[in-house]
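This report refers to the structure that appears directly beneath it.
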Amino acid sequence: MTAPTHHYTCRYCRHSSDPTGVSCPRCGAPVDVTAAVTRSGWQRQEPITDMARIQFGQSYLQVEGTQVPVADFTLAGDESIYFSHHSLLWTDPQARLASMGLSGGWKRVMSGLPLFMITGRGPGHIALSDNHAGDLVCLPLEHGQSIWTREHRFLAATGNVTYDWQNTGIWFRTRNGDETETHYPIGMFGDVFTARDAPGLLLLHSPGNTFVRDLAPNQPLLIQPSALLYRDRSVQMHLHLEYPRSNGGFFTRSYSYRNVWLRLIGPGRVAVSSVTEPPEASNPIVRSSPVTSWRW
């Protein structure tokens, strides 16, 4: 009599797989842990187990370390990945590196320096890492599946995953005397990655800890804009402003107290990072992208 084959659905990447290993072979998340879900509905994305191996095609990725994880790729044959040049940690001499042109342009700057995209092709080893502590998040994409990510969170993708970008459409303009300034709380651009011809793998770096949840149809959620890591493209978003009541004083006359939120509306999956950026300056807002507001 043949023993039944057991399967499970990974609570992090949402793909079915064989539970006999210690980590999910699709995303590297540990298998033998109890889900940590907060009362508010967020689920802690458990860090990928040190030395976990993730298979894609004939190649594989091994995640090494925990504080600032390293993505160590073993590329077979002609299989490839692409990544930004600043994340390259080391490479075998025989691995083939080349600059990568992207349709629509990849005009990104980090700390005042331009970012360039590079392809790495096997056979050989290529290791990548970000420059600050956090989680390495692996997102396996099925054929035709796409995901929206916040800019500067991308680490690498397999060669069969295509890249595109979109204007986020999330902005507001403040005035200080005769001067105005435009702010982009989640950045001016968002990145969209799609597995076009076959399943693929997308890697993100998430500062701090990572939390995931599923939104039901028409379910709203308010988050700090800079916390957003990724979202299903079915999730809609717009600005939300809240104006708390003030007791008066100099700062009330000079500034406009408010909280700037990003309002997400389901259905779909969203993920946030626990490390966020400081709030924007509180000069009066004179214009913005579509927005809802509440005074309390």
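Residue numbering restarts at 1 in every chain; chains get A, B, ... in the order shown in the structure tokens, and ligands count up from 1 in that same order.
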
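Every protein or nucleic acid residue with an atom no more than 7 Å from region 208-215 of chain A, counting only C-alpha atoms and leaving out same-chain residues fewer than 5 positions away, appears here: Gly41, Trp42, Gln43, Arg44, Gln45, Ala133, Gly134, Asp135, Gly266, Pro267, Gly268, Arg269, Val270, Ala271, Val272, Ser273, Ser274 and Val275 of chain A.
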
Could you take the residues named above and write them with N, CA and C atoms, as a JSON list (two decimals), in the first residue's frame?
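Listing of result_22.json after writing:
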[["chain", "number", "residue", "atom", "x", "y", "z"],
["A", 41, "GLY", "N", -5.04, 41.48, 12.78],
["A", 41, "GLY", "CA", -5.09, 40.74, 11.52],
["A", 41, "GLY", "C", -3.79, 40.63, 10.76],
["A", 42, "TRP", "N", -2.71, 41.24, 11.27],
["A", 42, "TRP", "CA", -1.42, 41.15, 10.60],
["A", 42, "TRP", "C", -0.72, 39.85, 10.96],
["A", 43, "GLN", "N", -0.07, 39.26, 9.98],
["A", 43, "GLN", "CA", 0.71, 38.04, 10.22],
["A", 43, "GLN", "C", 2.19, 38.35, 10.05],
["A", 44, "ARG", "N", 2.97, 37.99, 11.03],
["A", 44, "ARG", "CA", 4.41, 38.20, 10.98],
["A", 44, "ARG", "C", 5.02, 37.31, 9.91],
["A", 45, "GLN", "N", 5.76, 37.92, 8.97],
["A", 45, "GLN", "CA", 6.49, 37.15, 7.97],
["A", 45, "GLN", "C", 7.76, 36.62, 8.62],
["A", 133, "ALA", "N", 20.03, 46.14, 7.83],
["A", 133, "ALA", "CA", 19.36, 44.98, 8.42],
["A", 133, "ALA", "C", 17.90, 44.90, 8.00],
["A", 134, "GLY", "N", 17.41, 43.68, 7.90],
["A", 134, "GLY", "CA", 16.01, 43.49, 7.52],
["A", 134, "GLY", "C", 15.74, 42.08, 7.05],
["A", 135, "ASP", "N", 14.58, 41.89, 6.44],
["A", 135, "ASP", "CA", 14.16, 40.58, 5.94],
["A", 135, "ASP", "C", 14.41, 40.48, 4.45],
["A", 266, "GLY", "N", -9.20, 46.65, -0.44],
["A", 266, "GLY", "CA", -9.13, 45.32, -0.99],
["A", 266, "GLY", "C", -10.09, 45.10, -2.15],
["A", 267, "PRO", "N", -9.97, 43.93, -2.79],
["A", 267, "PRO", "CA", -9.36, 42.72, -2.26],
["A", 267, "PRO", "C", -7.89, 42.57, -2.64],
["A", 268, "GLY", "N", -7.17, 41.77, -1.83],
["A", 268, "GLY", "CA", -5.81, 41.44, -2.18],
["A", 268, "GLY", "C", -4.88, 41.43, -0.99],
["A", 269, "ARG", "N", -3.65, 41.02, -1.26],
["A", 269, "ARG", "CA", -2.62, 40.89, -0.23],
["A", 269, "ARG", "C", -1.78, 42.15, -0.17],
["A", 270, "VAL", "N", -1.41, 42.57, 1.03],
["A", 270, "VAL", "CA", -0.52, 43.71, 1.23],
["A", 270, "VAL", "C", 0.54, 43.31, 2.24],
["A", 271, "ALA", "N", 1.72, 43.93, 2.14],
["A", 271, "ALA", "CA", 2.81, 43.69, 3.09],
["A", 271, "ALA", "C", 3.43, 45.02, 3.47],
["A", 272, "VAL", "N", 3.82, 45.12, 4.74],
["A", 272, "VAL", "CA", 4.45, 46.35, 5.24],
["A", 272, "VAL", "C", 5.75, 45.99, 5.95],
["A", 273, "SER", "N", 6.66, 46.98, 6.00],
["A", 273, "SER", "CA", 7.90, 46.87, 6.78],
["A", 273, "SER", "C", 7.75, 47.68, 8.05],
["A", 274, "SER", "N", 8.43, 47.24, 9.11],
["A", 274, "SER", "CA", 8.29, 47.93, 10.39],
["A", 274, "SER", "C", 9.16, 49.19, 10.47],
["A", 275, "VAL", "N", 10.13, 49.34, 9.57],
["A", 275, "VAL", "CA", 10.97, 50.54, 9.54],
["A", 275, "VAL", "C", 10.36, 51.54, 8.56]]

Quiz item: Do you know which residues are at most 7 Å from Leu155 (chain A) counting only C-alpha atoms, after dropping those on the same chain fewer than 6 positions away, and could you put them as a PyMOL selection string?
Solution: chain A and resi 83+203-205

I'd like the contact shell of Leu141 (chain A) - 8 Å cut-off, only C-alpha atoms, skipping same-chain residues fewer than 4 positions apart - returned as a tab-separated table (two decimals) with all heavy atoms, in the first residue's frame.
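Result went into selection_12.tsv, see below:
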chain	number	residue	atom	x	y	z
A	145	GLN	N	1.26	36.03	-13.32
A	145	GLN	CA	1.04	36.77	-12.07
A	145	GLN	C	1.98	37.98	-12.00
A	145	GLN	O	3.14	37.92	-12.41
A	145	GLN	CB	1.29	35.87	-10.87
A	145	GLN	CG	1.04	36.56	-9.52
A	145	GLN	CD	1.36	35.65	-8.34
A	145	GLN	OE1	1.81	34.51	-8.52
A	145	GLN	NE2	1.14	36.15	-7.14
A	146	SER	N	1.46	39.10	-11.48
A	146	SER	CA	2.30	40.29	-11.31
A	146	SER	C	2.08	40.87	-9.93
A	146	SER	O	1.05	40.62	-9.29
A	146	SER	CB	2.01	41.33	-12.40
A	146	SER	OG	0.68	41.82	-12.30
A	194	THR	N	6.28	40.95	-13.44
A	194	THR	CA	5.33	39.99	-13.98
A	194	THR	C	6.06	38.77	-14.52
A	194	THR	O	7.06	38.91	-15.23
A	194	THR	CB	4.50	40.62	-15.11
A	194	THR	OG1	3.88	41.82	-14.64
A	194	THR	CG2	3.43	39.66	-15.60
A	195	ALA	N	5.55	37.57	-14.18
A	195	ALA	CA	6.07	36.34	-14.75
A	195	ALA	C	5.34	36.10	-16.07
A	195	ALA	O	4.21	35.62	-16.07
A	195	ALA	CB	5.87	35.18	-13.79
A	199	PRO	N	6.72	30.48	-14.68
A	199	PRO	CA	6.87	30.92	-13.29
A	199	PRO	C	8.25	31.51	-13.04
A	199	PRO	O	9.24	31.13	-13.66
A	199	PRO	CB	6.66	29.62	-12.50
A	199	PRO	CG	5.83	28.76	-13.39
A	199	PRO	CD	6.31	29.07	-14.79
A	200	GLY	N	8.32	32.47	-12.12
A	200	GLY	CA	9.58	33.13	-11.82
A	200	GLY	C	9.69	33.45	-10.34
A	200	GLY	O	8.81	33.12	-9.54
A	201	LEU	N	10.78	34.11	-9.97
A	201	LEU	CA	11.06	34.42	-8.58
A	201	LEU	C	11.48	35.88	-8.47
A	201	LEU	O	12.31	36.37	-9.24
A	201	LEU	CB	12.18	33.52	-8.06
A	201	LEU	CG	12.50	33.60	-6.56
A	201	LEU	CD1	11.33	33.10	-5.73
A	201	LEU	CD2	13.76	32.79	-6.25
A	202	LEU	N	10.89	36.58	-7.48
A	202	LEU	CA	11.21	37.98	-7.20
A	202	LEU	C	11.71	38.08	-5.77
A	202	LEU	O	11.10	37.51	-4.85
A	202	LEU	CB	9.96	38.85	-7.38
A	202	LEU	CG	10.05	40.31	-6.94
A	202	LEU	CD1	11.04	41.09	-7.78
A	202	LEU	CD2	8.67	40.97	-7.00

May I have all residues of region 145-272 of chain A that DSSP, computed from the backbone, assigns to strand (DSSP E), given as number ranges by chain?
A: 146-150, 154-158, 161-167, 172-176, 179-183, 189-195, 200-207, 210-215, 220-223, 228-231, 236-243, 259-265, 268-272

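Residue neighbourhood of Arg175 (chain A), excluding near-sequence residues (fewer than 6 positions): Glu181, Asn283, Pro284, Ile285 and Val286 of chain A, at 7 Å, using only C-alpha atoms.
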
Non-local contacts of region 50-59 of chain A (7 Å; only C-alpha atoms; under 6 positions in same chain excluded) as a JSON list (two decimals) with C-alpha atoms, in the first residue's frame:
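Okay, this is what ended up in part-v7.json:
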[["chain", "number", "residue", "atom", "x", "y", "z"],
["A", 23, "SER", "CA", 11.52, 25.34, 4.83],
["A", 25, "PRO", "CA", 11.12, 25.17, -1.32],
["A", 26, "ARG", "CA", 9.29, 27.99, -3.13],
["A", 27, "CYS", "CA", 10.02, 30.95, -0.81],
["A", 28, "GLY", "CA", 12.29, 29.65, 1.96],
["A", 65, "GLY", "CA", 22.72, 34.90, 7.43],
["A", 66, "THR", "CA", 19.89, 36.52, 9.36],
["A", 74, "THR", "CA", 23.94, 29.03, -8.09],
["A", 75, "LEU", "CA", 23.05, 29.54, -11.75],
["A", 76, "ALA", "CA", 22.96, 26.53, -14.05]]

Residues near region 167-174 of chain A, anyone? I mean within 12 Å using only C-alpha atoms, not counting same-chain ones fewer than 4 positions away, as a VMD selection string.
chain A and resid 104 148 to 151 178 to 192 225 to 226 236 to 241 255 to 256 260 to 264 280 to 291

Could you write those residues out with N, CA and C atoms, as a tab-separated table (two decimals), in the first residue's frame?
chain	number	residue	atom	x	y	z
A	104	GLY	N	11.18	51.56	-21.21
A	104	GLY	CA	10.58	52.55	-20.32
A	104	GLY	C	11.58	53.24	-19.43
A	148	TRP	N	2.98	44.58	-7.43
A	148	TRP	CA	3.46	45.96	-7.33
A	148	TRP	C	4.34	46.08	-6.11
A	149	THR	N	5.53	46.69	-6.23
A	149	THR	CA	6.41	46.88	-5.10
A	149	THR	C	6.85	48.34	-5.02
A	150	ARG	N	7.17	48.76	-3.81
A	150	ARG	CA	7.66	50.12	-3.62
A	150	ARG	C	9.10	50.21	-4.13
A	151	GLU	N	9.45	51.38	-4.72
A	151	GLU	CA	10.79	51.52	-5.27
A	151	GLU	C	11.85	51.40	-4.17
A	178	ASP	N	5.79	82.02	-0.12
A	178	ASP	CA	5.57	82.03	-1.57
A	178	ASP	C	6.11	80.77	-2.24
A	179	GLU	N	6.71	79.87	-1.48
A	179	GLU	CA	7.32	78.67	-2.06
A	179	GLU	C	6.41	77.46	-1.87
A	180	THR	N	6.36	76.62	-2.90
A	180	THR	CA	5.62	75.37	-2.82
A	180	THR	C	6.57	74.20	-3.03
A	181	GLU	N	6.20	73.05	-2.47
A	181	GLU	CA	7.00	71.84	-2.60
A	181	GLU	C	6.07	70.65	-2.77
A	182	THR	N	6.42	69.76	-3.71
A	182	THR	CA	5.62	68.57	-3.96
A	182	THR	C	6.25	67.36	-3.27
A	183	HIS	N	5.44	66.59	-2.54
A	183	HIS	CA	5.89	65.44	-1.78
A	183	HIS	C	5.29	64.16	-2.37
A	184	TYR	N	6.07	63.09	-2.37
A	184	TYR	CA	5.62	61.78	-2.85
A	184	TYR	C	5.80	60.77	-1.71
A	185	PRO	N	4.78	60.56	-0.90
A	185	PRO	CA	4.93	59.75	0.33
A	185	PRO	C	5.38	58.31	0.09
A	186	ILE	N	5.05	57.72	-1.06
A	186	ILE	CA	5.52	56.37	-1.36
A	186	ILE	C	6.47	56.36	-2.55
A	187	GLY	N	7.01	57.54	-2.87
A	187	GLY	CA	7.89	57.66	-4.03
A	187	GLY	C	7.12	58.05	-5.27
A	188	MET	N	7.84	58.57	-6.25
A	188	MET	CA	7.20	58.99	-7.49
A	188	MET	C	6.82	57.79	-8.35
A	189	PHE	N	7.60	56.71	-8.26
A	189	PHE	CA	7.36	55.54	-9.10
A	189	PHE	C	7.14	54.30	-8.25
A	190	GLY	N	6.40	53.34	-8.82
A	190	GLY	CA	6.26	52.01	-8.25
A	190	GLY	C	6.72	51.00	-9.28
A	191	ASP	N	7.27	49.87	-8.82
A	191	ASP	CA	7.77	48.83	-9.71
A	191	ASP	C	6.75	47.71	-9.85
A	192	VAL	N	6.59	47.22	-11.07
A	192	VAL	CA	5.66	46.12	-11.35
A	192	VAL	C	6.44	44.99	-11.99
A	225	PRO	N	2.56	55.67	4.80
A	225	PRO	CA	2.91	55.45	3.39
A	225	PRO	C	4.25	54.75	3.18
A	226	SER	N	5.28	55.16	3.93
A	226	SER	CA	6.61	54.60	3.70
A	226	SER	C	6.74	53.16	4.21
A	236	GLN	N	-6.40	48.77	-4.36
A	236	GLN	CA	-6.38	50.18	-4.77
A	236	GLN	C	-5.82	51.02	-3.62
A	237	MET	N	-5.34	52.23	-3.95
A	237	MET	CA	-4.77	53.08	-2.91
A	237	MET	C	-4.97	54.56	-3.24
A	238	HIS	N	-5.10	55.38	-2.18
A	238	HIS	CA	-5.14	56.83	-2.33
A	238	HIS	C	-4.76	57.47	-1.00
A	239	LEU	N	-4.53	58.77	-1.02
A	239	LEU	CA	-4.18	59.50	0.19
A	239	LEU	C	-5.37	59.62	1.14
A	240	HIS	N	-5.06	59.67	2.43
A	240	HIS	CA	-6.06	59.97	3.45
A	240	HIS	C	-5.41	60.90	4.47
A	241	LEU	N	-6.07	62.04	4.75
A	241	LEU	CA	-5.54	63.03	5.68
A	241	LEU	C	-6.44	63.10	6.91
A	255	TYR	N	1.22	76.31	11.38
A	255	TYR	CA	1.25	75.05	10.66
A	255	TYR	C	-0.13	74.41	10.62
A	256	SER	N	-0.26	73.45	9.75
A	256	SER	CA	-1.52	72.71	9.64
A	256	SER	C	-1.28	71.30	10.17
A	260	VAL	N	-0.69	62.10	7.61
A	260	VAL	CA	-0.77	61.67	6.21
A	260	VAL	C	-0.75	60.15	6.18
A	261	TRP	N	-1.83	59.55	5.70
A	261	TRP	CA	-1.96	58.10	5.60
A	261	TRP	C	-2.07	57.67	4.15
A	262	LEU	N	-1.79	56.41	3.92
A	262	LEU	CA	-2.11	55.77	2.65
A	262	LEU	C	-3.30	54.85	2.91
A	263	ARG	N	-4.38	55.07	2.16
A	263	ARG	CA	-5.59	54.26	2.34
A	263	ARG	C	-5.61	53.17	1.28
A	264	LEU	N	-5.59	51.91	1.72
A	264	LEU	CA	-5.64	50.75	0.83
A	264	LEU	C	-7.04	50.15	0.86
A	280	GLU	N	6.47	63.74	6.54
A	280	GLU	CA	6.78	64.94	5.77
A	280	GLU	C	6.56	66.20	6.62
A	281	ALA	N	7.20	67.30	6.21
A	281	ALA	CA	7.03	68.58	6.92
A	281	ALA	C	5.55	68.97	6.95
A	282	SER	N	5.16	69.69	8.01
A	282	SER	CA	3.74	69.94	8.23
A	282	SER	C	3.28	71.31	7.75
A	283	ASN	N	3.90	71.84	6.71
A	283	ASN	CA	3.37	73.07	6.13
A	283	ASN	C	1.99	72.80	5.53
A	284	PRO	N	1.15	73.83	5.40
A	284	PRO	CA	-0.21	73.61	4.90
A	284	PRO	C	-0.23	72.95	3.52
A	285	ILE	N	-1.15	71.98	3.35
A	285	ILE	CA	-1.32	71.31	2.06
A	285	ILE	C	-2.28	72.14	1.21
A	286	VAL	N	-1.83	72.49	0.00
A	286	VAL	CA	-2.64	73.34	-0.86
A	286	VAL	C	-3.22	72.56	-2.04
A	287	ARG	N	-2.68	71.38	-2.32
A	287	ARG	CA	-3.18	70.60	-3.45
A	287	ARG	C	-2.69	69.16	-3.29
A	288	SER	N	-3.42	68.19	-3.86
A	288	SER	CA	-3.00	66.80	-3.71
A	288	SER	C	-3.66	65.93	-4.77
A	289	SER	N	-3.18	64.70	-4.87
A	289	SER	CA	-3.87	63.67	-5.65
A	289	SER	C	-5.18	63.34	-4.94
A	290	PRO	N	-6.07	62.52	-5.54
A	290	PRO	CA	-7.34	62.20	-4.88
A	290	PRO	C	-7.15	61.79	-3.42
A	291	VAL	N	-7.99	62.36	-2.54
A	291	VAL	CA	-7.76	62.20	-1.12
A	291	VAL	C	-9.09	62.15	-0.36

- Polymer residues at most 8 Å from region 123-130 of chain A, only C-alpha atoms, same-chain spacing of 5 or more positions, as a PyMOL selection string: chain A and resi 68-79+87-95+155+205

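With only C-alpha atoms as the atoms that count, the residue of A:His152, A:Gln224, A:Ser80, A:Phe193 with the shortest distance to Asp164 (chain A) is A:Phe193.
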
re CA of Tyr12 (chain A) and CA of Asn131 (chain A): distance 24.2 Å
